[in-house]
Amino acid sequence: MEISQLVKEAKQGSASAQKCLFDLLSDKMMLVCRRYVKGNEDAEEVLLDGFYKFFKNLNSFNFHGDAALYGWLKTIMINECLMLLRKKNVFTIVTEADATDHPLEEAALNNLSAKEIFNLIVQLPVGYRTVFNLYVIEGMEHKEIAALMGISDGTSKSQLSKAKLLLQKNILQNGTGYVKRKSK
């Protein structure tokens, strides 16, 4: 069944259509949640809260294609992640004294798998990780990020810069192992 038909039936209250939509979209949305929220339990909680809001507000959504639906649901999930992080009060701005500019071996970066890159991003402090995800992955501007997180534009820029430096440092520290492992 096509997503447009599932959305139409879900708007009419069909539990089976809602379950089908959940089954179709939950894995992708869980990946979005895991980019922002470190623990699996918290990510699952955010996912379920996000889908609850999705279905609760589905009648106000005008279906204009699969991409629009995916984008709307993704926005809901990101907002839910940010609300959980605010609620847990983990948006403390972390400084990284060792985050200095290191030249990055191209071989270290080229030999990283998507899963290894994901794991390096997830290990960033919450503030760094959140700004990095919103800017690099979601394509938001610093002004938007600042408004979402309740910080200044300058703090957003600083957190992004520090996140990139810390990622470089972590890739360099782990990169030699990645290069050796991948070249065997």
# chains A, B, ... in the order shown; residues from 1 in each chain; ligands from 1

call {"tool": "residues_around", "arguments": {"residues": "Lys28 of chain A", "least_positions_apart": "6", "cutoff": "12 Å", "atoms": "only C-alpha atoms", "output": "VMD selection string"}}
result
chain A and resid 21 to 22 34 to 35 47 70 to 71 73 to 74 77

call {"tool": "write_last_selection", "arguments": {"atoms": "N, CA and C atoms", "output": "mmCIF file, in the first residue's frame"}}
result
data_model
loop_
_atom_site.group_PDB
_atom_site.id
_atom_site.type_symbol
_atom_site.label_atom_id
_atom_site.label_comp_id
_atom_site.auth_asym_id
_atom_site.auth_seq_id
_atom_site.Cartn_x
_atom_site.Cartn_y
_atom_site.Cartn_z
ATOM 1 N N LEU A 21 2.341 2.734 9.061
ATOM 2 C CA LEU A 21 3.173 3.937 8.965
ATOM 3 C C LEU A 21 4.310 3.882 9.976
ATOM 4 N N PHE A 22 3.982 3.469 11.189
ATOM 5 C CA PHE A 22 5.017 3.338 12.213
ATOM 6 C C PHE A 22 6.084 2.340 11.763
ATOM 7 N N ARG A 34 18.762 8.775 17.518
ATOM 8 C CA ARG A 34 20.060 8.329 18.046
ATOM 9 C C ARG A 34 21.175 9.328 17.739
ATOM 10 N N ARG A 35 21.009 10.141 16.704
ATOM 11 C CA ARG A 35 22.020 11.161 16.421
ATOM 12 C C ARG A 35 22.037 12.226 17.503
ATOM 13 N N LEU A 47 11.270 8.600 20.304
ATOM 14 C CA LEU A 47 10.621 8.048 19.113
ATOM 15 C C LEU A 47 9.126 7.859 19.349
ATOM 16 N N TYR A 70 8.007 12.705 5.376
ATOM 17 C CA TYR A 70 9.248 12.341 6.055
ATOM 18 C C TYR A 70 9.872 13.574 6.718
ATOM 19 N N GLY A 71 9.897 14.692 6.023
ATOM 20 C CA GLY A 71 10.460 15.929 6.567
ATOM 21 C C GLY A 71 9.702 16.423 7.785
ATOM 22 N N LEU A 73 7.805 14.588 9.848
ATOM 23 C CA LEU A 73 8.030 13.649 10.946
ATOM 24 C C LEU A 73 9.440 13.825 11.519
ATOM 25 N N LYS A 74 10.404 14.045 10.660
ATOM 26 C CA LYS A 74 11.787 14.251 11.107
ATOM 27 C C LYS A 74 11.883 15.510 11.972
ATOM 28 N N MET A 77 10.572 14.699 15.356
ATOM 29 C CA MET A 77 11.537 13.898 16.119
ATOM 30 C C MET A 77 12.684 14.758 16.644
#

call {"tool": "residues_around", "arguments": {"residues": "segment 129-134 of chain A", "least_positions_apart": "6", "cutoff": "9 Å", "atoms": "only C-alpha atoms", "output": "list in words"}}
result
Arg35, Tyr36, Val37, Ile78, Leu82, Phe91, Ile121, Val122, Gln123, Met140, Glu141, His142, Ile145, Ala146, Met149, Ser156, Lys157, Gln159, Leu160, Ser161, Ala163 and Lys164 of chain A

call {"tool": "atom_distance", "arguments": {"atom1": "atom CA of Asp49 of chain A", "atom2": "atom CA of Tyr135 of chain A"}}
result
23.8 Å

call {"tool": "select_by_dssp", "arguments": {"residues": "chain A", "states": "alpha helix (DSSP H)", "output": "ChimeraX atom specification"}}
result
/A:3-11,15-36,40-56,66-87,106-110,114-122,126-132,142-149,153-183

call {"tool": "residues_around", "arguments": {"residues": "Gly65 of chain A", "least_positions_apart": "4", "cutoff": "9 Å", "atoms": "only C-alpha atoms", "output": "list in words"}}
result
Ile3, Ser4, Leu69 and Tyr70 of chain A
